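What follows is the content of my_file08.cif (mmCIF, C-alpha atoms and all ligand atoms).
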data_structure
#
loop_
_atom_site.label_atom_id
_atom_site.label_comp_id
_atom_site.auth_asym_id
_atom_site.auth_seq_id
_atom_site.Cartn_x
_atom_site.Cartn_y
_atom_site.Cartn_z
CA MET A 1440 -34.78 -31.75 -2.12
CA SER A 1441 -31.25 -30.51 -1.41
CA ILE A 1442 -30.61 -26.81 -1.86
CA GLN A 1443 -26.86 -27.37 -1.96
CA GLN A 1444 -25.21 -26.14 -5.15
CA GLN A 1445 -22.27 -27.74 -6.88
CA GLN A 1446 -19.05 -25.81 -6.27
CA LYS A 1447 -16.70 -25.20 -9.11
CA LYS A 1448 -13.57 -27.36 -9.30
CA LEU A 1449 -10.50 -25.16 -9.68
CA ASN A 1450 -7.68 -26.43 -11.87
CA ILE A 1451 -4.87 -24.04 -11.21
CA GLY A 1452 -1.94 -22.93 -13.31
CA LEU A 1453 0.50 -21.26 -10.95
CA PHE A 1454 3.14 -18.75 -12.05
CA GLY A 1455 5.97 -18.42 -9.54
CA PHE A 1456 7.13 -20.71 -6.76
CA GLY A 1457 8.77 -18.21 -4.45
CA VAL A 1458 7.84 -17.34 -0.88
CA VAL A 1459 4.12 -17.02 -1.59
CA GLY A 1460 3.81 -19.64 -4.34
CA GLU A 1461 5.33 -22.34 -2.21
CA GLY A 1462 3.22 -21.22 0.75
CA LEU A 1463 0.09 -21.57 -1.38
CA TYR A 1464 1.15 -25.00 -2.64
CA LYS A 1465 1.60 -26.25 0.92
CA VAL A 1466 -1.69 -24.77 2.10
CA LEU A 1467 -3.64 -26.23 -0.85
CA GLU A 1468 -2.19 -29.65 -0.16
CA GLN A 1469 -3.57 -29.40 3.36
CA THR A 1470 -6.99 -28.05 2.31
CA PRO A 1471 -8.71 -30.74 0.21
CA THR A 1472 -12.14 -29.25 0.94
CA LEU A 1473 -11.31 -26.34 -1.33
CA ASN A 1474 -11.66 -28.59 -4.38
CA ALA A 1475 -8.66 -26.87 -5.95
CA GLN A 1476 -5.65 -28.52 -7.47
CA ILE A 1477 -2.42 -27.08 -8.87
CA LYS A 1478 -1.97 -28.67 -12.28
CA LYS A 1479 1.20 -26.94 -13.40
CA VAL A 1480 3.67 -24.42 -12.05
CA CYS A 1481 5.60 -22.14 -14.39
CA ILE A 1482 9.01 -21.10 -13.05
CA LYS A 1483 11.94 -19.11 -14.38
CA HIS A 1484 14.80 -21.04 -12.80
CA PRO A 1485 14.40 -24.82 -13.34
CA GLU A 1486 17.81 -25.45 -11.77
CA LYS A 1487 16.60 -24.42 -8.29
CA LYS A 1488 15.63 -27.17 -5.90
CA ARG A 1489 11.86 -27.14 -5.23
CA ASN A 1490 9.87 -28.75 -2.47
CA ALA A 1491 7.31 -30.28 -4.83
CA PRO A 1492 7.25 -33.08 -7.44
CA GLN A 1493 9.44 -32.34 -10.47
CA GLU A 1494 6.68 -33.10 -13.02
CA LEU A 1495 4.64 -30.17 -11.73
CA PHE A 1496 7.10 -27.64 -13.12
CA THR A 1497 7.58 -26.10 -16.54
CA THR A 1498 9.31 -23.04 -17.90
CA ASP A 1499 6.80 -22.60 -20.72
CA PRO A 1500 4.01 -20.09 -19.94
CA ALA A 1501 1.92 -21.45 -22.82
CA ALA A 1502 1.74 -24.82 -21.06
CA LEU A 1503 -0.53 -23.08 -18.56
CA LEU A 1504 -2.10 -20.27 -20.55
CA GLN A 1505 -3.14 -22.51 -23.47
CA ASP A 1506 -4.15 -25.55 -21.43
CA GLU A 1507 -7.93 -25.72 -21.65
CA SER A 1508 -8.25 -27.88 -18.58
CA ILE A 1509 -6.77 -25.05 -16.47
CA ASN A 1510 -9.53 -22.66 -15.47
CA VAL A 1511 -7.64 -20.46 -12.99
CA ILE A 1512 -4.29 -18.73 -13.29
CA VAL A 1513 -2.59 -17.71 -10.06
CA GLU A 1514 0.12 -15.17 -10.77
CA LEU A 1515 2.74 -14.80 -8.03
CA ILE A 1516 5.87 -13.59 -9.78
CA ASP A 1517 7.64 -10.37 -8.98
CA ASP A 1518 8.34 -9.16 -12.52
CA ALA A 1519 5.44 -6.76 -13.16
CA ASP A 1520 5.98 -6.64 -16.94
CA ALA A 1521 5.94 -10.41 -17.35
CA ALA A 1522 2.96 -10.53 -14.97
CA TYR A 1523 1.10 -8.07 -17.17
CA HIS A 1524 1.51 -10.39 -20.15
CA ILE A 1525 0.41 -13.42 -18.13
CA VAL A 1526 -2.63 -11.76 -16.58
CA SER A 1527 -3.89 -10.10 -19.75
CA THR A 1528 -3.42 -13.27 -21.83
CA ALA A 1529 -5.19 -15.36 -19.19
CA LEU A 1530 -8.16 -12.98 -19.07
CA LYS A 1531 -8.37 -12.97 -22.88
CA ASN A 1532 -8.34 -16.79 -22.76
CA ARG A 1533 -11.25 -16.55 -20.29
CA LYS A 1534 -9.34 -17.98 -17.38
CA ALA A 1535 -10.08 -16.50 -13.99
CA VAL A 1536 -7.01 -14.85 -12.49
CA VAL A 1537 -5.74 -14.35 -8.94
CA SER A 1538 -2.71 -12.12 -8.51
CA ALA A 1539 -0.69 -10.62 -5.68
CA ASN A 1540 1.17 -8.22 -7.94
CA LYS A 1541 0.57 -4.74 -6.54
CA LYS A 1542 2.75 -2.99 -9.09
CA LEU A 1543 1.06 -4.62 -12.05
CA ILE A 1544 -2.43 -3.93 -10.75
CA ALA A 1545 -1.77 -0.33 -9.70
CA GLU A 1546 -0.09 0.58 -12.98
CA HIS A 1547 -2.68 -1.06 -15.24
CA ILE A 1548 -5.86 -1.02 -13.22
CA GLU A 1549 -8.04 0.74 -15.77
CA GLU A 1550 -7.03 -1.59 -18.57
CA LEU A 1551 -7.40 -4.68 -16.37
CA ILE A 1552 -10.92 -3.63 -15.42
CA ALA A 1553 -11.78 -3.21 -19.11
CA LEU A 1554 -10.42 -6.70 -19.88
CA GLN A 1555 -12.48 -8.24 -17.08
CA GLN A 1556 -15.59 -6.63 -18.50
CA GLN A 1557 -14.84 -7.48 -22.11
CA PHE A 1558 -14.11 -11.14 -21.42
CA LYS A 1559 -16.50 -11.47 -18.49
CA THR A 1560 -13.76 -13.10 -16.46
CA PRO A 1561 -12.98 -12.46 -12.80
CA PHE A 1562 -9.66 -11.06 -11.62
CA LEU A 1563 -9.14 -11.07 -7.85
CA TYR A 1564 -6.22 -9.64 -5.90
CA GLU A 1565 -7.03 -9.37 -2.20
CA SER A 1566 -3.43 -10.24 -1.28
CA ALA A 1567 -2.13 -7.22 -3.22
CA ALA A 1568 -3.05 -4.79 -0.45
CA CYS A 1569 -2.23 -5.59 3.18
CA ALA A 1570 -1.80 -9.32 2.48
CA SER A 1571 -3.94 -11.14 5.03
CA ILE A 1572 -6.32 -8.25 5.78
CA PRO A 1573 -9.49 -8.40 3.65
CA VAL A 1574 -9.53 -4.69 2.99
CA ILE A 1575 -10.25 -4.66 -0.76
CA ARG A 1576 -13.36 -6.78 -0.54
CA ASN A 1577 -14.63 -4.75 2.39
CA LEU A 1578 -14.12 -1.43 0.63
CA GLU A 1579 -15.75 -2.85 -2.48
CA GLU A 1580 -18.74 -4.43 -0.81
CA TYR A 1581 -19.45 -2.72 2.45
CA TYR A 1582 -18.59 0.94 2.34
CA ASP A 1583 -20.60 3.31 0.27
CA ASN A 1584 -18.57 6.04 -1.34
CA ASP A 1585 -20.82 8.75 0.15
CA LEU A 1586 -20.30 7.53 3.68
CA LEU A 1587 -16.60 6.85 3.42
CA HIS A 1588 -14.72 9.74 4.99
CA GLY A 1589 -11.25 8.35 4.88
CA ILE A 1590 -8.78 5.53 4.96
CA SER A 1591 -5.43 5.68 6.67
CA GLY A 1592 -3.19 2.74 7.01
CA ILE A 1593 0.16 1.12 7.40
CA VAL A 1594 0.17 -0.90 4.20
CA ASN A 1595 3.80 -1.91 3.83
CA GLY A 1596 5.07 -4.60 6.18
CA SER A 1597 8.78 -4.21 5.44
CA THR A 1598 9.04 -0.52 6.24
CA ASN A 1599 6.98 -1.01 9.37
CA TYR A 1600 9.28 -3.86 10.37
CA ILE A 1601 12.34 -1.67 9.76
CA LEU A 1602 10.89 1.27 11.73
CA THR A 1603 10.10 -1.03 14.64
CA LYS A 1604 13.54 -2.60 14.66
CA VAL A 1605 15.46 0.65 14.21
CA PHE A 1606 13.54 2.89 16.60
CA GLU A 1607 12.49 0.38 19.25
CA GLU A 1608 15.15 -2.29 19.14
CA LYS A 1609 17.93 0.07 18.08
CA ILE A 1610 19.41 -2.08 15.34
CA SER A 1611 20.78 -0.41 12.23
CA PHE A 1612 18.64 0.36 9.18
CA GLU A 1613 20.77 -1.94 7.01
CA GLU A 1614 20.48 -4.84 9.42
CA ALA A 1615 16.73 -4.37 9.79
CA LEU A 1616 16.33 -4.37 6.01
CA LEU A 1617 18.39 -7.55 5.74
CA GLN A 1618 16.12 -9.18 8.31
CA ALA A 1619 12.99 -8.05 6.41
CA GLN A 1620 14.50 -9.59 3.27
CA TYR A 1621 15.44 -12.79 5.08
CA GLU A 1622 11.90 -13.13 6.47
CA GLY A 1623 10.50 -12.80 2.94
CA PHE A 1624 8.68 -9.51 3.64
CA ALA A 1625 10.64 -7.24 1.31
CA GLU A 1626 10.26 -6.95 -2.45
CA SER A 1627 13.11 -8.45 -4.47
CA ASN A 1628 14.03 -4.84 -5.15
CA PRO A 1629 13.69 -3.49 -1.58
CA ALA A 1630 13.86 0.11 -2.81
CA LEU A 1631 10.20 -0.39 -3.75
CA ASP A 1632 9.42 -0.83 -0.05
CA VAL A 1633 11.83 1.68 1.38
CA GLU A 1634 10.96 4.53 -0.99
CA GLY A 1635 7.20 4.14 -0.59
CA THR A 1636 6.50 2.79 -4.11
CA ASP A 1637 4.91 -0.40 -2.82
CA ALA A 1638 2.72 1.58 -0.41
CA VAL A 1639 1.58 4.00 -3.10
CA ASN A 1640 0.77 1.08 -5.41
CA LYS A 1641 -1.44 -0.32 -2.67
CA LEU A 1642 -3.03 3.08 -2.09
CA THR A 1643 -3.87 3.23 -5.81
CA ILE A 1644 -5.68 -0.09 -5.52
CA LEU A 1645 -7.55 1.03 -2.40
CA LEU A 1646 -8.60 4.28 -4.14
CA ALA A 1647 -10.17 2.27 -6.95
CA HIS A 1648 -12.26 0.18 -4.59
CA ALA A 1649 -13.04 2.88 -2.05
CA TYR A 1650 -13.85 5.77 -4.36
CA GLY A 1651 -13.73 4.51 -7.94
CA ILE A 1652 -10.65 6.66 -8.53
CA MET A 1653 -8.29 5.57 -11.28
CA ALA A 1654 -4.98 7.09 -10.22
CA GLN A 1655 -1.49 6.76 -11.60
CA PRO A 1656 0.59 5.67 -8.60
CA GLN A 1657 3.63 7.70 -9.56
CA ALA A 1658 1.50 10.84 -9.80
CA LEU A 1659 0.39 10.54 -6.16
CA VAL A 1660 2.52 12.35 -3.59
CA HIS A 1661 4.51 9.69 -1.82
CA SER A 1662 7.70 9.02 0.02
CA GLY A 1663 9.12 6.21 2.09
CA ILE A 1664 11.37 5.99 5.09
CA GLN A 1665 14.61 6.47 3.19
CA HIS A 1666 15.37 9.94 4.53
CA LEU A 1667 14.25 9.61 8.14
CA HIS A 1668 16.93 10.73 10.56
CA ALA A 1669 17.76 9.63 14.11
CA ALA A 1670 16.92 13.17 15.26
CA ASP A 1671 13.36 12.67 13.97
CA ALA A 1672 12.98 9.68 16.27
CA VAL A 1673 14.26 11.73 19.21
CA PHE A 1674 11.75 14.49 18.41
CA ALA A 1675 8.96 11.90 18.11
CA ARG A 1676 9.83 10.29 21.42
CA GLU A 1677 9.87 13.65 23.22
CA LYS A 1678 6.34 14.31 21.98
CA GLY A 1679 5.11 10.76 22.67
CA TYR A 1680 4.70 9.90 18.99
CA GLU A 1681 5.61 6.88 16.87
CA ILE A 1682 6.76 7.42 13.29
CA LYS A 1683 4.87 5.25 10.78
CA LEU A 1684 4.68 5.21 7.01
CA VAL A 1685 1.00 5.96 6.41
CA ALA A 1686 -1.02 5.76 3.21
CA GLN A 1687 -4.11 7.86 3.35
CA ALA A 1688 -7.11 9.04 1.43
CA ARG A 1689 -9.48 11.61 2.91
CA LYS A 1690 -12.67 13.16 1.69
CA LEU A 1691 -12.44 16.93 2.12
CA ASP A 1692 -15.29 19.38 2.74
CA ASP A 1693 -15.74 19.95 -0.99
CA GLY A 1694 -16.24 16.19 -1.50
CA LYS A 1695 -12.91 15.75 -3.29
CA ILE A 1696 -10.30 13.24 -2.16
CA ALA A 1697 -6.79 13.96 -0.94
CA ALA A 1698 -4.46 10.97 -1.18
CA PHE A 1699 -0.80 10.45 -0.33
CA VAL A 1700 1.78 8.19 1.33
CA LEU A 1701 4.12 9.94 3.75
CA PRO A 1702 5.79 9.23 7.08
CA GLN A 1703 3.52 10.41 9.87
CA PHE A 1704 3.74 11.04 13.61
CA VAL A 1705 1.18 8.79 15.19
CA GLN A 1706 -0.25 9.46 18.64
CA LYS A 1707 -0.95 6.93 21.37
CA ASP A 1708 -4.69 7.16 20.87
CA SER A 1709 -4.43 6.13 17.21
CA GLN A 1710 -5.09 2.50 16.35
CA LEU A 1711 -1.95 2.63 14.19
CA PHE A 1712 0.30 3.42 17.19
CA ASN A 1713 0.74 -0.20 18.22
CA VAL A 1714 1.03 -1.69 14.75
CA ARG A 1715 4.53 -3.15 14.81
CA ASN A 1716 6.88 -5.25 12.71
CA GLU A 1717 5.38 -6.72 9.54
CA TYR A 1718 1.83 -6.09 10.71
CA ASN A 1719 -0.41 -3.74 8.76
CA GLY A 1720 -3.34 -1.75 10.07
CA VAL A 1721 -6.03 0.20 8.27
CA VAL A 1722 -8.42 2.66 9.89
CA ILE A 1723 -11.55 3.25 7.88
CA GLU A 1724 -13.68 6.24 8.81
CA SER A 1725 -17.25 6.40 7.78
CA ARG A 1726 -19.92 8.98 8.55
CA LEU A 1727 -22.19 6.71 10.51
CA ALA A 1728 -19.90 4.07 11.96
CA ASP A 1729 -17.04 6.42 12.89
CA LYS A 1730 -13.75 4.48 12.96
CA GLN A 1731 -13.18 0.84 12.21
CA PHE A 1732 -9.82 -0.83 12.41
CA PHE A 1733 -8.46 -3.71 10.37
CA TYR A 1734 -5.29 -5.31 11.66
CA GLY A 1735 -3.22 -8.26 10.52
CA LYS A 1736 -0.03 -9.52 8.94
CA GLY A 1737 0.78 -7.48 5.86
CA ALA A 1738 3.64 -9.50 4.41
CA GLY A 1739 5.14 -12.96 4.42
CA SER A 1740 4.47 -16.30 2.87
CA PHE A 1741 1.43 -17.63 4.73
CA PRO A 1742 -0.41 -14.34 5.36
CA THR A 1743 -0.22 -13.60 1.63
CA ALA A 1744 -1.11 -17.16 0.70
CA SER A 1745 -4.12 -16.90 3.01
CA ALA A 1746 -5.53 -14.01 0.97
CA VAL A 1747 -4.80 -15.85 -2.30
CA LEU A 1748 -6.61 -18.83 -0.86
CA SER A 1749 -9.59 -16.68 0.05
CA ASP A 1750 -9.71 -15.39 -3.54
CA LEU A 1751 -9.62 -18.96 -4.83
CA SER A 1752 -12.40 -19.87 -2.49
CA ALA A 1753 -14.44 -16.87 -3.72
CA LEU A 1754 -13.95 -17.98 -7.33
CA ARG A 1755 -15.77 -21.21 -6.57
CA TYR A 1756 -18.86 -19.08 -6.07
CA ASP A 1757 -18.15 -16.94 -9.16
CA TYR A 1758 -17.35 -13.89 -7.07
CA LYS A 1759 -15.96 -10.92 -8.96
CA TYR A 1760 -15.26 -7.29 -8.12
CA GLU A 1761 -18.00 -5.12 -9.50
CA TYR A 1762 -16.07 -1.83 -9.18
CA LYS A 1763 -19.28 -0.34 -7.88
CA LYS A 1764 -17.90 3.10 -7.07
CA LEU A 1765 -16.46 3.42 -10.56
CA LEU A 1766 -19.21 1.88 -12.65
CA TYR A 1767 -22.42 2.53 -10.73
CA GLN A 1768 -21.71 5.73 -8.80
CA GLN A 1769 -20.07 9.07 -9.40
CA PRO A 1770 -16.34 8.25 -9.02
CA GLY A 1771 -14.40 10.36 -6.55
CA GLN A 1772 -12.14 13.14 -7.73
CA LEU A 1773 -8.61 13.66 -6.49
CA THR A 1774 -7.48 17.08 -5.36
CA ASN A 1775 -4.20 18.71 -4.39
CA ASP A 1776 -5.96 21.78 -3.07
CA LEU A 1777 -5.43 21.42 0.66
CA PHE A 1778 -3.10 22.37 3.48
CA LEU A 1779 -1.08 20.02 5.67
CA ARG A 1780 0.74 20.48 8.95
CA VAL A 1781 4.21 18.98 8.53
CA TYR A 1782 7.54 18.67 10.26
CA ILE A 1783 10.62 18.92 8.10
CA SER A 1784 14.12 18.37 9.37
CA PHE A 1785 17.33 19.45 7.67
CA ASP A 1786 21.02 19.26 8.32
CA ALA A 1787 21.47 23.04 8.32
CA LEU A 1788 19.22 26.01 8.90
CA PHE A 1789 20.18 27.61 5.62
CA HIS A 1790 18.62 24.60 3.87
CA VAL A 1791 15.21 25.44 5.28
CA PRO A 1792 13.06 26.67 2.40
CA HIS A 1793 10.91 28.87 4.61
CA GLU A 1794 9.20 30.38 1.58
CA LYS A 1795 7.50 27.00 1.02
CA PHE A 1796 5.56 27.36 4.27
CA GLU A 1797 2.31 29.24 4.62
CA ARG A 1798 3.02 29.50 8.30
CA ILE A 1799 5.88 28.38 10.51
CA GLU A 1800 4.74 27.33 13.96
CA GLU A 1801 7.83 25.94 15.61
CA TRP A 1802 11.46 25.54 14.79
CA SER A 1803 14.68 24.50 16.44
CA SER A 1804 18.27 24.41 15.39
CA SER A 1805 21.50 22.89 16.60
CA ASP A 1806 24.82 22.35 14.89
CA LYS A 1807 23.71 18.81 13.95
CA ARG A 1808 20.10 19.12 12.87
CA CYS A 1809 17.31 21.63 12.64
CA HIS A 1810 13.60 21.23 12.15
CA VAL A 1811 10.63 23.32 11.23
CA THR A 1812 6.98 22.63 11.91
CA GLY A 1813 4.45 24.50 9.85
CA ILE A 1814 1.64 24.52 7.37
CA ILE A 1815 2.25 23.98 3.71
CA ARG A 1816 0.12 23.99 0.62
CA PHE A 1817 -0.06 20.30 -0.35
CA ALA A 1818 0.47 21.15 -4.04
CA ARG A 1819 3.99 22.29 -3.16
CA LEU A 1820 4.88 18.66 -2.54
CA LEU A 1821 4.28 17.86 -6.22
CA ASP A 1822 7.71 19.36 -6.80
CA THR A 1823 9.78 16.81 -4.91
CA SER A 1824 13.15 18.45 -5.56
CA TRP A 1825 13.16 20.44 -2.31
CA TRP A 1826 11.83 17.88 0.18
CA LYS A 1827 12.57 14.41 -1.17
CA ARG A 1828 16.31 14.49 -0.96
CA LYS A 1829 19.15 13.30 1.17
CA ASN A 1830 19.41 15.02 4.54
CA THR A 1831 15.84 16.26 4.44
CA SER A 1832 12.96 14.41 6.04
CA LEU A 1833 9.32 15.32 5.92
CA ILE A 1834 6.84 13.91 8.42
CA VAL A 1835 3.13 14.66 8.56
CA TYR A 1836 1.53 15.62 11.89
CA PRO A 1837 -1.19 13.45 13.48
CA ASP A 1838 -4.06 15.78 12.62
CA ALA A 1839 -2.44 16.86 9.45
CA PHE A 1840 -5.33 18.37 7.57
CA VAL A 1841 -5.66 22.10 8.18
CA ASP A 1842 -8.85 23.94 7.24
CA LYS A 1843 -7.82 27.56 7.50
CA ILE A 1844 -4.45 29.24 7.43
CA PRO A 1845 -4.00 31.82 10.14
CA GLU A 1846 -2.15 35.01 9.20
CA LYS A 1847 1.65 34.77 9.27
CA ARG A 1848 3.09 36.05 12.51
CA LYS A 1849 5.62 38.82 12.34
CA VAL A 1850 8.13 36.97 14.54
CA GLU A 1851 8.40 34.06 12.10
CA GLU A 1852 9.28 36.35 9.26
CA ASP A 1853 11.87 38.09 11.40
CA VAL A 1854 13.54 34.85 12.45
CA PHE A 1855 13.87 33.54 8.92
CA SER A 1856 14.90 36.81 7.41
CA LEU A 1857 18.08 36.33 9.45
CA VAL A 1858 18.85 32.96 7.90
N1 LIG A 1901 6.99 -6.03 0.36
C1 LIG A 1901 5.63 -6.03 0.76
C2 LIG A 1901 5.52 -5.46 2.15
C3 LIG A 1901 5.07 -7.41 0.70
O1 LIG A 1901 6.55 -5.39 2.82
O2 LIG A 1901 4.44 -5.07 2.58
C4 LIG A 1901 3.58 -7.49 0.89
O3 LIG A 1901 2.88 -6.77 -0.07
#
Now that the file is in, can you turn its structure into structure tokens?
Ligand code: HSE
Amino acid sequence: MSIQQQQKKLNIGLFGFGVVGEGLYKVLEQTPTLNAQIKKVCIKHPEKKRNAPQELFTTDPAALLQDESINVIVELIDDADAAYHIVSTALKNRKAVVSANKKLIAEHIEELIALQQQFKTPFLYESAACASIPVIRNLEEYYDNDLLHGISGIVNGSTNYILTKVFEEKISFEEALLQAQYEGFAESNPALDVEGTDAVNKLTILLAHAYGIMAQPQALVHSGIQHLHAADAVFAREKGYEIKLVAQARKLDDGKIAAFVLPQFVQKDSQLFNVRNEYNGVVIESRLADKQFFYGKGAGSFPTASAVLSDLSALRYDYKYEYKKLLYQQPGQLTNDLFLRVYISFDALFHVPHEKFERIEEWSSSDKRCHVTGIIRFARLLDTSWWKRKNTSLIVYPDAFVDKIPEKRKVEEDVFSLV
């Protein structure tokens, strides 16, 4: 007697035929063993030339969402509001959904989980965080909340690409961004990459699967690379650091979770040090296993399509996220009650808000740029008006988390009372 089970046939309705959609189409054509076929593709611009048969395309979403022979909707458009409508309607119509839409998922995660439960329909989105790296499924399945000490990662390919090109290859920021757009790494609104919105959306998704935390992305402290200054790169080089945009979540001594996305100085001994260009890297720290490192392409057509493909493959076996940390364990709790060691650079010493620091440890000033290194109360970053502005850049130190604040030294107060 054969123990082999019948795999599900996937009849796919695809929304979007951009960089990723077309990549998926090509890959599916070359992977007949997957038993998956794209039945219809819904697009917004029928006038554009497409590398696929004309009869595959429609501009009518209902032609996919109401077609009973379609059992899977793959949503790969970049309009998060339209995507919300597509995904929620598909789930209500009991069609399994695969999406790569980080913004949609991060902003509606609680509601999307409720819909999955109500309609008993799977919704998978491995490609939404770190594209080709299977980090969501690993956090969901492998790491127990109690053992998970922290996650820190480069989760946005475009900003990492820009940092590599600007600081290592010395091309201009604008040119590097154009290249990231040309390569298909950047969002159609690249401000989402550059200002850290895309990274914080991904962090929100990781928090849900790592700790069962339902966060509002915009409420998490985050910034991008928009205010980094050439002088910051000089400082980093002198100290042997790389500057990376790092998303992190860390369990503190009281069991609560600190989470943020900020530029960070990364030391040579960190696994993130050598993550370059559009690659992403995620270090997961657990109590027993210590550090584990996930590395791979975090943006681009085929790396993203590869994760979508893996989700499709998982659907054939009825895989679904169980949201174990949220539904079966005590979900983690976010906190802003912590101290961080940061570097902040300014264009003039009189712009230094020294009163924001608990302790100033180092400072320097020239007629072009000055910087201060010190310890701040993390909650002070909730007010972004003083640090997230033109001509001010904030970068977190490698071992940023500070347990105890030493007393202020007299000399620091003296120096800044002169300013
Ligand atoms: N714009 C995103 C990035 C695409 O650069 O990482 C992949 O999510």
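Where the distance criterion is 8 Å and the atoms used are all atoms listed in the file, the residues close to ligand LIG 1901 (chain A) are Ala1539, Lys1541, Ser1566, Ala1567, Ala1568, Cys1569, Ala1570, Val1594, Asn1595, Gly1596, Ser1597, Thr1598, Asn1599, Ala1619, Gly1623, Phe1624, Ala1625, Glu1626, Pro1629, Leu1631, Asp1632, Asp1637, Ala1638, Glu1717, Asn1719, Gly1737, Ala1738, Gly1739 and Thr1743 of chain A.
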Exercise. Which neighbours of A:Ser1804 fall inside 12 Å, counting only C-alpha atoms, when residues of the same chain fewer than 6 positions from it are skipped, and could you give them as a list of chain:residue names?
Worked result: A:Ala1670, A:Ile1783, A:Ser1784, A:Phe1785, A:Asp1786, A:Ala1787, A:Leu1788, A:Phe1789, A:His1790, A:Val1791, A:His1810, A:Val1811, A:Thr1812, A:Val1854, A:Val1858
Where does stretch 1714-1738 of chain A meet stretch 1648-1651 of chain A within 12 Å, residue by residue, with the nearest atom pair and distance in Å to one decimal for each, counting all atoms listed in the file, listed by chain and rising number, as CSV?
residue,atom,partner,partner_atom,distance
A:Ile1723,CA,A:Ala1649,CA,10.0
A:Glu1724,CA,A:Ala1649,CA,11.4
A:Ser1725,CA,A:Ala1649,CA,11.3
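Nearest to A:Val1685 of all the residues A:Lys1763, A:Tyr1782, A:Val1639, A:Gly1592 is A:Gly1592, counting all atoms listed in the file.
Remark: for A:Val1700, the closest of the candidate residues A:Ala1658, A:Ala1502, A:Leu1754, A:Val1673 is A:Ala1658 (distances computed over all atoms listed in the file).
Compared by their closest atoms to A:Gln1505, and using only C-alpha atoms, the residues A:Ala1529, A:Ala1519, A:Ile1834, A:Ala1744 rank with A:Ala1529 nearest.
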For this session: Show which residues sit within 12 Å of A:Asn1510, as number ranges by chain. Count only C-alpha atoms, and ignore same-chain residues fewer than 3 positions away.
Result: A: 1447-1453, 1475-1479, 1503-1507, 1513, 1529-1530, 1532-1537, 1560-1561, 1751, 1754-1755
For this session: Excluding A:Glu1579 and residues on its chain fewer than 2 positions from it, collect all residues at most 10 Å away from it, counting only C-alpha atoms, and give them as a ChimeraX atom specification.
Result: /A:1574-1577,1581-1584,1645,1647-1651,1760-1764
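Residue nearest A:Ala1615, chosen from A:Asn1716, A:Asp1708, A:Leu1777, A:Ser1749 and counting all atoms listed in the file: A:Asn1716.
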For this session: With a distance cut-off of 10 Å and all atoms listed in the file, select the neighbouring residues of A:Phe1712, excluding the residue or stretch itself and same-chain residues fewer than 3 positions from it, and output the selection as a list in words.
Result: Tyr1680, Glu1681, Ile1682, Lys1683, Phe1704, Val1705, Gln1706, Lys1707, Asp1708, Ser1709, Arg1715 and Gly1720 of chain A
For the residues selected in the previous step, produce a file with C-alpha atoms as a short mmCIF file (atom, residue, chain, number, x, y, z; two decimals), in the frame of the given file.
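Once written, selection-v1.cif looks like this:
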data_model
loop_
_atom_site.label_atom_id
_atom_site.label_comp_id
_atom_site.auth_asym_id
_atom_site.auth_seq_id
_atom_site.Cartn_x
_atom_site.Cartn_y
_atom_site.Cartn_z
CA TYR A 1680 4.70 9.90 18.99
CA GLU A 1681 5.61 6.88 16.87
CA ILE A 1682 6.76 7.42 13.29
CA LYS A 1683 4.87 5.25 10.78
CA PHE A 1704 3.74 11.04 13.61
CA VAL A 1705 1.18 8.79 15.19
CA GLN A 1706 -0.25 9.46 18.64
CA LYS A 1707 -0.95 6.93 21.37
CA ASP A 1708 -4.69 7.16 20.87
CA SER A 1709 -4.43 6.13 17.21
CA ARG A 1715 4.53 -3.15 14.81
CA GLY A 1720 -3.34 -1.75 10.07
#
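Note that the spacing between atom CA of A:Ile1544 and atom CA of A:Arg1819 amounts to 28.0 Å.
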Problem set entry | Atomic separation - atom CA of A:Cys1481 relative to atom CA of A:Phe1496, Å | 5.8 Å
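With distances restricted to only C-alpha atoms, A:Ser1745 is the closest residue to A:Pro1573 from A:Asn1830, A:Gln1772, A:Ser1745, A:Gln1703.
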